[in-house]
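Engineer: One structure is given below, represented as structure tokens, and several questions about it will come after.
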Amino acid sequence: MKTIYKFSAMLLILASIMAAGCKKVDVGYLSDNIRYGANPVVVDKGVFKIVTGIIPDNSTPPFKITLLDVRNKETGKREEAFFKESEITVWKEKYDPKTDTTLELINAKRVKEMSLPLQVIEKSGQLMFTQATDNVPPGEYLLDLQIENPNGTKKYEGITSIKVNNPVLYEISTAPYFILVEPGTGNSKRYPHDVDWFDINKIQSANTKINVSRDANGPNQIILKVYDKNGKVFPGKALEKRPSGNTFLNTWETFAYKTTVTENSVIYDYAQARFPDVYWDNQPNGVFCYYRIYDKWIESVDYVDAWNPLNSVTYKTDSNPYILQIRFDFKFNLPGTYHVDMHLKATKKDGVN
């Protein structure tokens with residue numbers, strides 16, 4: 001009899017468990033602690049960037065994520081620049097710097113579109129910052145989102161902050177300089193400090209100084225002008241390629257789709273920023289450029305006599321004509337026209353064309 005009672009009790013327990021298992025439960029879970037991995041999200045004006053989506057904190061997908069507002073962190077007021085469209089260039093196919101070598105080929109791969117500075121991907125919450133951020137004032141902002149899943153809808157005010165910085169227009173890794181080559185022998189000659197920085201903030205080495213300015217609304221061009229120490233400009237044709245065996249080392253012509261030589265400059269048309277394209281970072285010599293100015297253009301050169309970086313430097317003059325071998329590197333991060341004026345501690349010979 002006891003056995004029957006025990007068996008009946010077990011059946012009752014099993015039935016209770018099955019009933020509990022069949023009970024309807026709420027679909028989904030929407031956490032109060034959804035967030036982004038980065039806080040703040042740092043963005044450079046005018047530079048495309050995609051930020052990883054939300055960390056859902058075990059919330060149940062699918063999600064519908066909507067941008068509610070972007071507010072100035074200091075004032076709390078809506079920043080209208082995030083909600084105004086502007087025209088940007090969008091690539092339909094990936095740009096290939098090795099094969100896309102004409103404007104026609106380049107234009108076949110890109111279109112002009114109206115775009116907002118910030119787009120929120122609905123299902124993941126990824127933040128896509130477009131080139132239209134060029135019109136957003138630098139500063140810190142708070143991002144407000146609405147997130148919906150099968151369990152309901154919640155607002156997340158200040159889910160992360162966005163820091164918009166003025167961009168770094170260009171980058172340089174080493175001091176620009178030139179070394180000397182004797183025309184008769186081909187032997188190279190260096191004076192002390194020729195390749196050293198004098199003032200990195202002024203892009204100035206012992207014998208070369210470069211000034212850079214940008215016209216954001218201009219075409220994608222680099223306009224290179226080279227001056228002697230007295231401000232006389234060398235003609236564009238004086239800037240020649242530097243031989244290397246049976247070929248030549250890189251110049252900006254290597255990276256541009258079009259090169260135009262003028263009376264006082266060389267103009268390089270490029271497809272997109274960054275220029276040179278990131279493809280070249282892993283190629284021989286990277287983005288370094290090597291130019292020659294032959295001795296027919298050179299009257300004399302100056303070299304360091306007394307060296308006191310950031311404070312003073314004095315020079316002496318070598319009156320022999322040399323071949324100048326110039327070396328420098330730049331990475332331009334934003335589109336537009338860049339005027340690159342290079343000043344050499346050398347004297348241009350008069351009457352040479």
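Residues in the structure tokens are named by chain (A, B, ... in the order shown) and by number from 1 within that chain; ligands are numbered from 1 in the order shown.
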Taking 5 positions as the minimum chain separation for residues in the same chain, which residues sit within 9 Å of range 125-136 of chain A when counting only C-alpha atoms? Answer as an NGL selection string.

Structural biologist: :A and (36 or 43-54 or 63-66 or 79-82 or 84-89 or 114-120 or 147 or 164 or 166)

Engineer: Please identify the helix (DSSP H, G or I) residues within range 130-294 of chain A (assignment by DSSP from backbone atoms) and present them as a PyMOL selection string.

Structural biologist: chain A and resi 131-135+200-202+236-238+252-255+278-282

Engineer: Keeping N, CA and C atoms, export the residues of the selection given above as a short mmCIF file (atom, residue, chain, number, x, y, z; two decimals), in the first residue's frame.

Structural biologist:
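And here's result19.cif as it stands now:
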```cif
data_model
loop_
_atom_site.label_atom_id
_atom_site.label_comp_id
_atom_site.auth_asym_id
_atom_site.auth_seq_id
_atom_site.Cartn_x
_atom_site.Cartn_y
_atom_site.Cartn_z
N GLN A 131 31.21 61.82 -43.92
CA GLN A 131 32.02 63.01 -44.17
C GLN A 131 31.25 64.29 -43.87
N ALA A 132 29.92 64.19 -43.73
CA ALA A 132 29.11 65.36 -43.42
C ALA A 132 29.37 65.89 -42.01
N THR A 133 30.11 65.15 -41.19
CA THR A 133 30.50 65.68 -39.87
C THR A 133 31.42 66.89 -40.02
N ASP A 134 31.88 67.15 -41.23
CA ASP A 134 32.70 68.35 -41.47
C ASP A 134 31.93 69.62 -41.09
N ASN A 135 30.58 69.52 -41.06
CA ASN A 135 29.74 70.68 -40.75
C ASN A 135 29.29 70.71 -39.28
N ILE A 200 59.89 70.39 -35.20
CA ILE A 200 58.91 69.49 -35.83
C ILE A 200 57.57 70.18 -36.02
N ASN A 201 57.22 71.10 -35.13
CA ASN A 201 55.93 71.79 -35.24
C ASN A 201 55.87 72.73 -36.44
N LYS A 202 57.03 73.15 -36.92
CA LYS A 202 57.09 74.01 -38.09
C LYS A 202 57.51 73.25 -39.35
N GLY A 236 58.56 73.94 -62.23
CA GLY A 236 58.10 72.58 -61.96
C GLY A 236 58.98 71.51 -62.59
N LYS A 237 59.52 71.78 -63.76
CA LYS A 237 60.33 70.78 -64.46
C LYS A 237 61.66 70.51 -63.76
N ALA A 238 62.07 71.39 -62.82
CA ALA A 238 63.31 71.16 -62.08
C ALA A 238 63.17 70.02 -61.09
N TRP A 252 55.11 62.02 -55.66
CA TRP A 252 53.65 62.08 -55.56
C TRP A 252 52.98 61.67 -56.87
N GLU A 253 53.71 61.70 -57.96
CA GLU A 253 53.14 61.22 -59.23
C GLU A 253 52.81 59.73 -59.14
N THR A 254 53.58 58.98 -58.34
CA THR A 254 53.31 57.55 -58.14
C THR A 254 51.91 57.33 -57.59
N PHE A 255 51.47 58.22 -56.72
CA PHE A 255 50.22 58.02 -55.98
C PHE A 255 49.02 58.74 -56.59
N VAL A 278 45.92 54.21 -48.41
CA VAL A 278 46.50 53.29 -47.42
C VAL A 278 47.16 52.08 -48.08
N TYR A 279 46.79 51.78 -49.33
CA TYR A 279 47.43 50.67 -50.06
C TYR A 279 48.95 50.81 -50.04
N TRP A 280 49.43 52.03 -50.15
CA TRP A 280 50.87 52.26 -50.31
C TRP A 280 51.64 52.08 -49.01
N ASP A 281 50.96 52.00 -47.88
CA ASP A 281 51.66 51.87 -46.61
C ASP A 281 52.52 50.61 -46.54
N ASN A 282 52.06 49.56 -47.21
CA ASN A 282 52.76 48.27 -47.15
C ASN A 282 53.56 47.97 -48.41
#
```

Engineer: Looking only at the backbone, which of the residues in range 40-208 of chain A does DSSP tag as strand (DSSP E or B), as a PyMOL selection string?

Structural biologist: chain A and resi 41-44+49-51+55+64-72+78+86-91+110-115+118-120+127-129+139-149+152-165+170-171+177-181+188-189+197-199+204-205+208

Engineer: Hey, which bits of range 85-180 of chain A sit within 8 Å of range 70-75 of chain A, and for each residue what's the closest pair of atoms and how far apart in Å (one decimal), counting only C-alpha atoms, rows by chain and increasing number, as CSV?

Structural biologist:
```
residue,atom,partner,partner_atom,distance
A:Gly139,CA,A:Asn72,CA,7.8
A:Glu140,CA,A:Lys73,CA,5.6
A:Tyr141,CA,A:Asn72,CA,4.5
A:Leu142,CA,A:Arg71,CA,5.0
A:Leu143,CA,A:Val70,CA,4.8
A:Asp144,CA,A:Val70,CA,6.2
A:Ser161,CA,A:Lys73,CA,7.9
```

Engineer: Nearest to Phe332 in chain A: which of A:Pro276, A:Pro150, A:Pro61, A:Pro183 is it, counting only C-alpha atoms?

Structural biologist: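 Going through A:Pro276, A:Pro150, A:Pro61, A:Pro183 one by one, the smallest distance to Phe332 in chain A is for A:Pro276.
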
Engineer: At a cut-off of 10 Å, using only C-alpha atoms, what residues contact Tyr29 in chain A? Leave out same-chain residues fewer than 6 positions from it and give the result as a list in words.

Structural biologist: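 Surrounding residues, per the criterion: Pro56, Asp57, Asn58, Ser59, Thr60, Pro61, Asn149, Pro150, Asn151 and Gly152 of chain A.
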